[in-house]
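**Student:** So that we are looking at the same thing, I have put the structure below in structure tokens.
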Amino acid sequence: MGKRKFRLEQHRKNEERVQRSLIVSVPREMVDISVSSSLTITLPSPSACPVSIPLTVISECVVPSLERLTCNLSLLNPFPAWTVVSRYPSLVLLKFQIHGSGISVNVNRTINYCVSIHQELNWSFSLQNRTVHSDVCSMLRFLPTIINSIGKLKYVLDKLDGAYLCGGNPDRHLLQQWHYNASTLHGLSGKYCVLYVLSSHCVHLGNRSAVLDDSLFLDFPTIRHKQCEMLLQGDIAGHPVRCSVCSSYRRSTLLPQTRCMANHAESNRVNYRYQPVPLLATRLLKLRKEIKRKSIQLSRLKAKVSLNCEASGVMVDEQLHSDLKAICGSLPDSTDVLKMYPKDSFFNIFWQQQMQAAAKKDARMMRWHPLMIRWCLSLRHKSSGAYEALRDSGCLKLPSQRTLRDYTHYIEAKCGFSVEVDFMLQKAAKVESCPERDKCTILLLDEMYIREDLVYNKHSGEMVGFTNLGSINNHLADFEKSVVSGHDSSPSLAKTMAVFMVRGLFTSLQFPYVHFACTNLCGDQMYDPLWEAIWRIENCGLKVLGVTLDGASVNRSLVKLHQSPSDPIPYRTKNPFSGDNRYLYFFSDVPHLVKTVRNCFMSSRRSLWCKGKNIWWSHVKKFYNEDSSAGMGLRMVPKLKYEHLHISSFSAMRVDLAAQVLSESVSQALHLTGGDEASETAHFIGLMDKFFDALNVHNFSHGARALKPFQMPYTSRTDFRLKWLKEDFLCYLKAWKASVEQRIELTKTEQNLMLLSAETQLGLEMTCMSFLELVPYLFSMPDVQSFLSQRLCQDPLERFFGLQRQRGGVHENPNVVEFAKNTQALRVVKSVCKSSSLGNCRRGPVELANMDELCEPLPKRRRTSGKRSDHATSRQLTSSALEQTETSNGTTTLVSSNASHDNSLTVTCAPVMENELIMGSALYRAMHALLEDDTRLLSTNASVAIHKMAESACQWISAHPNESKSMETTVSSMLQKCMPKSRSIKQHQMWSRYHKLRISPEYVGAWKTFLDNLETVHTATFSPMVYQYVGHFMFKEMVKSHYAVHTSTNADCGLTCPEMYALRYSAGYVPRALKKKLERCKSKKYLLNCLDDMLTSDDAVQCDSTDWIDCIDRGGLTFVNSLTFEVFIAMELEIRSQLQGCKPVNFLTDIAPTVKNNEDVLFFWSMLSSNWDEESSTALFQMVVDLWLTVRGYSYTSAWIEKYKVSQKKSTQKSKGIRKQL
């Protein structure tokens, strides 16, 4: 059965057929009736005798044109109250009606309704010659857009007949704001009636505007909102007297007046200081009587206590009396306990908080200290169950976990960059007050394995768990999948989490900045996130001097992207965002290098050889056996254990075992006992020990205590260790390689087995060369007295990963959502949370010395009483940090409330230009994107300079479109050279060419010439971050157009029989859940009657889709009627059409608008809500769609992960990590 015919059948069941028996005589030659889109009845025309056709057939037949509809209307004339006043070129129906509003009825005046049907069979409606649009009047939105039958026309006119006029706001205090003048009415004579046109007066109250309606079809003047719906559906009795827009306007107008009255209310508190003497004397007399009454009561209680002591008391001897008195006198009170600890210590704060919490009658009255919040978060991070058990025991007063979540969920926990995190980084680094040297930072980069899982976020509508490395990387990944598989493939689940951590070189800053969900990561995929992170960190006011990575192949590939032809080893590159041509240095993590050196040393495949002597692991084993053979405990190297020489899969990850083997004590022992055979082995171990000590200085006093000069802090740019690294260590590696290459009798493979691995050699040389240039640069800065080389290691990031695994208990690998939430909690906790004792790096003490930083106030999420909006908490900081003001010329001024007095951020965005040449310019789009970037909220010098220059550029481009076009052509031609000649996937080559271009003198010179032209017209500070952002934006647009992805959708999205069963079952859940919710909400209880109309009665006709519910119903299921079920079918079909594709879909931003505007959904909903008023219909429709999308979001996410497990043949449930298994 066709869809249109099914709708007609439903319409016949719901409408009363009062004229079913009427018969109309029509000439035979005029009969050409299309009952549906697939059925046509045509009678032959030899004779002219009429044929009898039922009225219902003619009224419901679909006509192809306006002429046929006019003909059927003239035959039937089913609307006597409406007058046909025109038939060409549009069919116009007019009606005069004595109209009533919800406030008053004027029986002496009439209103004219006008319905115009046009040639395309679409229609429009006007009220008193005022056109009412469907985008304003929600009642018209649910009516058919095309009138191609008498039945639809009757349905529309019946709805209009049942509507009533919005009464507006005739309140006296509102009318006083208008200067009502009856002379503003001007009567105009129309063709069919007398129309009264009023001159509209506008007023702006807050952010709303209204008009004064004093037209003659009301007995009174009233105030309407400009977007007033005019018509409301239903009866006057029992319904609101005004539309929802006017009601909202009324509330917003009355609220300030109510608050003003409350502020001016008289206080009950009396100031007795200014009372007259007679009143004071009276009050004094009352107080004396009250004191006398209390004294009598106290004496009676003392006498009662004395009698009880004499009656039931026990006498004790003098010795026991003195002992009890001494014990009671020795107990310290609360003040004595506080005196035992320093005033600003954690213990003093802890006991103060405990005494305050014990004195509170209600726990909600307690205000917790920031240090207590951080300490409680660290306890909960260890174990939520243990924290709750400690809190329930009553031994300690601790905040609830709901309170702790308000601090950890202050901003939305998600992958990728966020301006809220930028603000947190600024606050943690104290950018506004710190000296220049404290702004020097280094970026730590590493990956952590996570659990593959998919979670639906009902607040944002996203399915969280897919890979996400930024827009450009996601686009290239989609293109690669489409090329490899030949069709759209499903998105990939994330297996690892790439984390960027900002670490201060002279401060204790250890801030997990950003993380990305990824799988099968490549070096070229990390290029764009790396440089965007550096751009944002530099924009925050910090300086990024280097990047530390481990020796993974992904990181080596990333470093090689930046290799310069002049540098044989890729150890540095120019920072394109620095104005002083500063370099960015690459470091390989020293603890990882020590482990890889030990692994090459002990590998059975390698036989290390240098200058005619062997470097063998067997020399160390031989010494260990000789040293421990006696077994009496007297040993030369007591730290050398069995675990150091017999490495397992787990012990291979331990740095301490590798460092203790490659130590000075082992080197000296081999020199003493190994003879000439082990001399090169001892020399090699001694060099590696000095290298590790020189690049792992972590303390100012450890070197002096241990008498090891290589572990002393660096104090000058001419430190002796720098000379040792350059002349001894690097030269040793080069000489080793040269001696092996001189053995020409060996193959290249055999020569490589005599050396350390190529990856390890590259890491050692890269780290040494970067360190040799970084240290002199640091000591060239003012106020730099010392430097600890351990600041370049990845230990903080390893501890961060350990805390992430620690949160899950036995299940070490969190999923994407858990990782994001843990990261946000650890940002709040800072250094209070202790790392695991089983971690892979040194477990330092709890840093509670910096009390000023730990005691700073913490931002807290604001609690709301109603339903939280989509972005209720994610943009609190952004909205508070930025205020927008609109000027008279249409420009928008952004003022940062966080800006200081000396450096306030005021950015004026250029108005949108109508010139197509300007709007089509990629240069203008890039500059405009920079103006709209969220980093405009930052109040640093760099951010202010960037956005001032971008503003000047937008204004200059608008004034000089031809000159800007030539600049765009020049830049595009340079960027085009970076693209591969074919559409082959060569991302590594593309990003390598692009990086060489962006730091080349030609590219920088072209942009400087362009920006110099701007400075001659507009005053702006030069900043290379502007043109680097703009050029990168243009390059990404070019890449997306070059690697275009063509998506295809599957047209087959119908419902199977089991799915119809499940849909019928799930559809009953929605009204049942809404009913429970509305029963608790007093302001929306009027919707309960509408919900009852969605349910079916006991004698309803059963269909095939109810068989499953009949089988499983035990008496508690909810059944929906046929029209409600059709609404859910239409919504489900629209959802399925949107889910066809390879890209992840957002249910709230992508699917919800299409479902709410779907024609079938609106049609069936209008039939279902025909007896409801417009406000109830709209409110309930929004609630039903939102709840159904939430249900489908959870169910689709679960179905997707089940399909993934079947295809991959593995489970995604929580399991033990590799460390626990080992």
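By order in the structure tokens, chains are A, B, ...; within a chain, residues start at 1; ligands start at 1, following the order shown.
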Mind checking which residues fall within 9 Å of range 380-391 of chain A, counting only C-alpha atoms, ignoring those fewer than 5 positions away in the same chain, and posting them as an mmCIF file with N, CA and C atoms, in the first residue's frame?
**Tutor:**
data_model
loop_
_atom_site.group_PDB
_atom_site.id
_atom_site.type_symbol
_atom_site.label_atom_id
_atom_site.label_comp_id
_atom_site.auth_asym_id
_atom_site.auth_seq_id
_atom_site.Cartn_x
_atom_site.Cartn_y
_atom_site.Cartn_z
ATOM 1 N N TRP A 375 43.264 17.042 47.787
ATOM 2 C CA TRP A 375 43.634 15.840 48.528
ATOM 3 C C TRP A 375 42.541 14.772 48.419
ATOM 4 N N LEU A 396 36.095 10.745 59.419
ATOM 5 C CA LEU A 396 36.506 12.009 58.829
ATOM 6 C C LEU A 396 35.323 12.633 58.111
ATOM 7 N N LYS A 397 35.297 13.941 58.096
ATOM 8 C CA LYS A 397 34.312 14.693 57.333
ATOM 9 C C LYS A 397 34.922 15.040 55.988
ATOM 10 N N LEU A 398 34.367 14.464 54.917
ATOM 11 C CA LEU A 398 34.909 14.654 53.578
ATOM 12 C C LEU A 398 33.797 15.089 52.641
ATOM 13 N N PRO A 399 34.113 15.834 51.591
ATOM 14 C CA PRO A 399 33.079 16.250 50.627
ATOM 15 C C PRO A 399 32.561 15.054 49.847
ATOM 16 N N SER A 400 31.334 15.166 49.388
ATOM 17 C CA SER A 400 30.732 14.082 48.620
ATOM 18 C C SER A 400 31.361 14.018 47.234
ATOM 19 N N GLN A 401 31.175 12.865 46.573
ATOM 20 C CA GLN A 401 31.713 12.714 45.223
ATOM 21 C C GLN A 401 30.976 13.605 44.234
ATOM 22 N N LEU A 803 49.300 7.106 36.494
ATOM 23 C CA LEU A 803 48.104 7.531 37.222
ATOM 24 C C LEU A 803 46.842 7.196 36.438
ATOM 25 N N GLN A 806 46.347 3.613 37.082
ATOM 26 C CA GLN A 806 46.026 3.409 38.490
ATOM 27 C C GLN A 806 44.549 3.642 38.774
ATOM 28 N N ARG A 807 43.920 4.542 38.038
ATOM 29 C CA ARG A 807 42.510 4.860 38.272
ATOM 30 C C ARG A 807 41.619 3.670 37.992
ATOM 31 N N GLY A 808 42.003 2.824 37.045
ATOM 32 C CA GLY A 808 41.171 1.681 36.703
ATOM 33 C C GLY A 808 41.366 0.464 37.575
ATOM 34 N N GLY A 809 42.292 0.523 38.539
ATOM 35 C CA GLY A 809 42.525 -0.633 39.390
ATOM 36 C C GLY A 809 43.208 -1.754 38.622
ATOM 37 N N ASN A 822 39.705 11.303 33.452
ATOM 38 C CA ASN A 822 40.846 11.197 34.359
ATOM 39 C C ASN A 822 41.834 12.333 34.128
ATOM 40 N N ALA A 825 40.581 15.430 35.823
ATOM 41 C CA ALA A 825 40.752 15.325 37.276
ATOM 42 C C ALA A 825 42.210 15.525 37.684
ATOM 43 N N LEU A 826 43.136 14.968 36.909
ATOM 44 C CA LEU A 826 44.554 15.115 37.237
ATOM 45 C C LEU A 826 45.036 16.543 37.027
ATOM 46 N N CYS A 833 48.550 14.145 43.925
ATOM 47 C CA CYS A 833 48.345 12.719 43.656
ATOM 48 C C CYS A 833 49.688 12.021 43.489
#
**Student:** What's around Pro1144 in chain A at 9 Å? Count only C-alpha atoms, leave out sequence neighbours fewer than 6 positions away in its own chain, and write the answer as a list in words.
**Tutor:**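 The residues that qualify are Glu462, Met463, Phe466, Ser490 and Pro491 of chain A.
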**Student:** Taking the backbone alone, and naming residues the way the document does, which bits of range 449-519 of chain A are strand (DSSP E) by DSSP, as a ChimeraX atom specification?
**Tutor:** /A:449,455-457,462-464,496-504,510-518
**Student:** Can you list, as a ChimeraX atom specification, all residues belonging to range 459-612 of chain A that DSSP tags as helix (DSSP H, G or I)?
**Tutor:** /A:471-485,524-539,553-560,590-602
**Student:** Convert the current residue selection to file output with N, CA and C atoms, as a compact mmCIF listing (two decimals), in the first residue's frame.
**Tutor:**
# COMPACT_ATOMS: atom_id res chain seq x y z
N SER A 471 40.87 17.90 11.84
CA SER A 471 40.06 17.87 10.61
C SER A 471 40.86 17.42 9.41
N ILE A 472 42.08 17.90 9.24
CA ILE A 472 42.85 17.57 8.04
C ILE A 472 43.27 16.10 8.05
N ASN A 473 43.69 15.59 9.21
CA ASN A 473 44.08 14.18 9.29
C ASN A 473 42.87 13.26 9.13
N ASN A 474 41.73 13.64 9.68
CA ASN A 474 40.52 12.84 9.50
C ASN A 474 40.12 12.80 8.03
N HIS A 475 40.26 13.94 7.34
CA HIS A 475 39.91 13.98 5.92
C HIS A 475 40.85 13.09 5.11
N LEU A 476 42.15 13.15 5.37
CA LEU A 476 43.09 12.31 4.63
C LEU A 476 42.88 10.83 4.95
N ALA A 477 42.52 10.52 6.19
CA ALA A 477 42.25 9.12 6.53
C ALA A 477 41.02 8.60 5.79
N ASP A 478 39.97 9.42 5.69
CA ASP A 478 38.79 9.02 4.92
C ASP A 478 39.12 8.83 3.45
N PHE A 479 39.95 9.71 2.91
CA PHE A 479 40.34 9.56 1.51
C PHE A 479 41.14 8.28 1.30
N GLU A 480 42.06 7.98 2.21
CA GLU A 480 42.87 6.77 2.07
C GLU A 480 42.01 5.52 2.15
N LYS A 481 41.02 5.52 3.04
CA LYS A 481 40.13 4.36 3.13
C LYS A 481 39.32 4.19 1.87
N SER A 482 38.83 5.30 1.31
CA SER A 482 38.03 5.20 0.10
C SER A 482 38.86 4.72 -1.09
N VAL A 483 40.16 5.06 -1.11
CA VAL A 483 41.02 4.62 -2.21
C VAL A 483 41.39 3.15 -2.05
N VAL A 484 41.71 2.76 -0.83
CA VAL A 484 42.15 1.38 -0.60
C VAL A 484 41.01 0.39 -0.75
N SER A 485 39.86 0.69 -0.12
CA SER A 485 38.74 -0.25 -0.14
C SER A 485 37.84 -0.06 -1.34
N ASP A 524 53.61 11.42 9.78
CA ASP A 524 53.04 12.55 9.08
C ASP A 524 51.72 12.98 9.69
N GLN A 525 51.00 12.07 10.37
CA GLN A 525 49.75 12.44 11.02
C GLN A 525 49.97 13.31 12.25
N MET A 526 51.17 13.28 12.81
CA MET A 526 51.45 14.06 14.00
C MET A 526 51.96 15.46 13.68
N TYR A 527 52.22 15.75 12.40
CA TYR A 527 52.78 17.06 12.05
C TYR A 527 51.79 18.18 12.37
N ASP A 528 50.57 18.06 11.88
CA ASP A 528 49.60 19.13 12.09
C ASP A 528 49.24 19.31 13.57
N PRO A 529 48.96 18.25 14.35
CA PRO A 529 48.70 18.47 15.79
C PRO A 529 49.88 19.06 16.54
N LEU A 530 51.11 18.66 16.16
CA LEU A 530 52.29 19.17 16.86
C LEU A 530 52.42 20.68 16.69
N TRP A 531 52.33 21.15 15.46
CA TRP A 531 52.54 22.57 15.23
C TRP A 531 51.34 23.41 15.65
N GLU A 532 50.15 22.84 15.63
CA GLU A 532 49.02 23.59 16.18
C GLU A 532 49.15 23.73 17.69
N ALA A 533 49.67 22.68 18.35
CA ALA A 533 49.89 22.77 19.80
C ALA A 533 50.95 23.83 20.10
N ILE A 534 52.02 23.87 19.31
CA ILE A 534 53.07 24.89 19.53
C ILE A 534 52.50 26.28 19.28
N TRP A 535 51.66 26.43 18.24
CA TRP A 535 51.08 27.75 17.95
C TRP A 535 50.20 28.23 19.10
N ARG A 536 49.40 27.35 19.67
CA ARG A 536 48.50 27.74 20.74
C ARG A 536 49.28 28.01 22.04
N ILE A 537 50.32 27.20 22.31
CA ILE A 537 51.11 27.42 23.53
C ILE A 537 51.87 28.73 23.44
N GLU A 538 52.45 29.02 22.26
CA GLU A 538 53.12 30.31 22.08
C GLU A 538 52.11 31.45 22.19
N ASN A 539 50.89 31.21 21.74
CA ASN A 539 49.85 32.23 21.84
C ASN A 539 49.46 32.48 23.29
N SER A 553 59.07 4.31 15.95
CA SER A 553 59.20 4.61 14.52
C SER A 553 58.34 5.81 14.13
N VAL A 554 57.19 5.98 14.80
CA VAL A 554 56.34 7.12 14.51
C VAL A 554 57.07 8.42 14.81
N ASN A 555 57.75 8.47 15.94
CA ASN A 555 58.45 9.69 16.33
C ASN A 555 59.66 9.94 15.45
N ARG A 556 60.37 8.90 15.07
CA ARG A 556 61.51 9.10 14.16
C ARG A 556 61.04 9.64 12.81
N SER A 557 59.91 9.13 12.34
CA SER A 557 59.37 9.63 11.08
C SER A 557 58.95 11.09 11.21
N LEU A 558 58.39 11.45 12.36
CA LEU A 558 57.99 12.84 12.58
C LEU A 558 59.21 13.75 12.59
N VAL A 559 60.31 13.32 13.21
CA VAL A 559 61.51 14.15 13.27
C VAL A 559 62.13 14.31 11.88
N LYS A 560 62.11 13.26 11.09
CA LYS A 560 62.72 13.34 9.75
C LYS A 560 61.95 14.27 8.83
N VAL A 590 66.10 10.26 27.34
CA VAL A 590 67.35 9.63 27.78
C VAL A 590 67.11 8.29 28.47
N PRO A 591 66.14 8.15 29.39
CA PRO A 591 65.89 6.82 29.95
C PRO A 591 65.55 5.76 28.90
N HIS A 592 64.80 6.15 27.86
CA HIS A 592 64.54 5.19 26.79
C HIS A 592 65.82 4.85 26.03
N LEU A 593 66.69 5.82 25.85
CA LEU A 593 67.95 5.54 25.16
C LEU A 593 68.81 4.56 25.95
N VAL A 594 68.84 4.73 27.26
CA VAL A 594 69.63 3.81 28.11
C VAL A 594 69.09 2.40 27.98
N LYS A 595 67.77 2.23 27.94
CA LYS A 595 67.20 0.89 27.78
C LYS A 595 67.52 0.30 26.41
N THR A 596 67.44 1.10 25.35
CA THR A 596 67.75 0.57 24.02
C THR A 596 69.23 0.23 23.88
N VAL A 597 70.10 1.03 24.52
CA VAL A 597 71.53 0.69 24.51
C VAL A 597 71.76 -0.63 25.23
N ARG A 598 71.14 -0.81 26.38
CA ARG A 598 71.27 -2.09 27.11
C ARG A 598 70.74 -3.25 26.28
N ASN A 599 69.61 -3.05 25.59
CA ASN A 599 69.04 -4.12 24.76
C ASN A 599 69.97 -4.50 23.61
N CYS A 600 70.60 -3.51 22.97
CA CYS A 600 71.57 -3.82 21.91
C CYS A 600 72.81 -4.52 22.49
N PHE A 601 73.21 -4.10 23.68
CA PHE A 601 74.38 -4.68 24.34
C PHE A 601 74.16 -6.15 24.68
N MET A 602 72.96 -6.51 25.14
CA MET A 602 72.69 -7.88 25.56
C MET A 602 72.10 -8.75 24.45
**Student:** Counting only C-alpha atoms, figure out which residue out of A:Val1161, A:Cys243, A:Ile1109, A:Met766 gets nearest to Asp567 in chain A.
**Tutor:**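 Distance minimum relative to Asp567 in chain A lands on A:Met766.
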**Student:** For the contact check between range 561-640 of chain A and range 717-741 of chain A, emit one row per residue of range 561-640 of chain A within 12 Å, containing the shortest atom pair and the distance in Å rounded to one decimal, counting only C-alpha atoms, chain then rising number order, as CSV.
**Tutor:**
residue,atom,partner,partner_atom,distance
A:Ser607,CA,A:Val740,CA,11.7
A:Leu608,CA,A:Val740,CA,9.7
A:Trp609,CA,A:Val740,CA,7.5
A:Cys610,CA,A:Trp736,CA,5.4
A:Lys611,CA,A:Ser739,CA,5.8
A:Gly612,CA,A:Ser739,CA,8.2
A:Lys613,CA,A:Ser739,CA,10.7
A:Asn614,CA,A:Trp736,CA,11.5
A:Ile615,CA,A:Trp736,CA,11.3
**Student:** Take the residues from that selection and put them in a file with all heavy atoms, as a CSV table (one decimal), in the first residue's frame.
**Tutor:**
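Below you can see out-v7.csv, which holds the result:
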chain,number,residue,atom,x,y,z
A,607,SER,N,77.0,-8.6,17.9
A,607,SER,CA,78.3,-8.8,18.4
A,607,SER,C,79.0,-7.5,18.3
A,607,SER,O,79.7,-7.3,17.3
A,607,SER,CB,79.0,-10.0,17.7
A,607,SER,OG,80.3,-10.2,18.2
A,608,LEU,N,78.9,-6.6,19.3
A,608,LEU,CA,79.5,-5.3,19.2
A,608,LEU,C,81.0,-5.4,19.2
A,608,LEU,O,81.6,-6.2,20.0
A,608,LEU,CB,79.0,-4.5,20.4
A,608,LEU,CG,77.5,-4.4,20.6
A,608,LEU,CD1,77.2,-3.4,21.8
A,608,LEU,CD2,76.8,-3.9,19.3
A,609,TRP,N,81.6,-4.6,18.4
A,609,TRP,CA,83.0,-4.6,18.2
A,609,TRP,C,83.5,-3.2,17.9
A,609,TRP,O,82.9,-2.4,17.1
A,609,TRP,CB,83.4,-5.5,17.0
A,609,TRP,CG,84.9,-5.6,16.7
A,609,TRP,CD1,85.7,-6.5,17.2
A,609,TRP,CD2,85.6,-4.8,15.8
A,609,TRP,NE1,87.0,-6.3,16.7
A,609,TRP,CE2,86.9,-5.2,15.8
A,609,TRP,CE3,85.3,-3.7,14.9
A,609,TRP,CZ2,87.9,-4.6,15.0
A,609,TRP,CZ3,86.3,-3.1,14.2
A,609,TRP,CH2,87.6,-3.6,14.2
A,610,CYS,N,84.6,-2.7,18.5
A,610,CYS,CA,85.1,-1.4,18.4
A,610,CYS,C,86.6,-1.4,18.5
A,610,CYS,O,87.1,-1.8,19.5
A,610,CYS,CB,84.5,-0.4,19.4
A,610,CYS,SG,85.1,1.3,19.3
A,611,LYS,N,87.3,-0.9,17.5
A,611,LYS,CA,88.7,-0.7,17.5
A,611,LYS,C,89.5,-2.0,17.8
A,611,LYS,O,90.4,-2.0,18.6
A,611,LYS,CB,89.1,0.4,18.4
A,611,LYS,CG,88.5,1.8,18.1
A,611,LYS,CD,88.9,2.8,19.1
A,611,LYS,CE,88.2,4.1,18.8
A,611,LYS,NZ,88.6,5.2,19.8
A,612,GLY,N,89.0,-3.1,17.2
A,612,GLY,CA,89.7,-4.4,17.4
A,612,GLY,C,89.4,-5.1,18.7
A,612,GLY,O,89.9,-6.2,18.9
A,613,LYS,N,88.4,-4.6,19.5
A,613,LYS,CA,88.1,-5.3,20.7
A,613,LYS,C,86.6,-5.5,20.8
A,613,LYS,O,85.8,-4.7,20.2
A,613,LYS,CB,88.5,-4.5,22.0
A,613,LYS,CG,90.1,-4.3,22.0
A,613,LYS,CD,90.5,-3.6,23.3
A,613,LYS,CE,92.0,-3.5,23.4
A,613,LYS,NZ,92.4,-2.8,24.6
A,614,ASN,N,86.2,-6.5,21.5
A,614,ASN,CA,84.7,-6.9,21.6
A,614,ASN,C,84.1,-6.2,22.8
A,614,ASN,O,84.7,-5.9,23.8
A,614,ASN,CB,84.6,-8.4,21.8
A,614,ASN,CG,85.1,-9.1,20.6
A,614,ASN,OD1,84.9,-8.7,19.4
A,614,ASN,ND2,85.8,-10.3,20.8
A,615,ILE,N,82.8,-5.9,22.6
A,615,ILE,CA,82.0,-5.3,23.6
A,615,ILE,C,80.9,-6.3,23.8
A,615,ILE,O,79.8,-6.3,23.1
A,615,ILE,CB,81.4,-3.9,23.3
A,615,ILE,CG1,82.6,-3.0,22.9
A,615,ILE,CG2,80.6,-3.3,24.4
A,615,ILE,CD1,82.1,-1.6,22.4
**Student:** Would you please work out which residue, of A:Asp171, A:Asp1160, A:Glu773, A:Asp1092, is nearest to Phe586 in chain A when using only C-alpha atoms?
**Tutor:**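 Residue with the minimum atom-to-atom distance to Phe586 in chain A: A:Glu773.
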**Student:** When you look at Cys114 in chain A with a cut-off of 7 Å (counting only C-alpha atoms), what residues show up, excluding the ones that are within fewer than 6 positions of it in the same chain? I need them as an MDAnalysis selection string.
**Tutor:** chainID A and resid 92:95 125:127
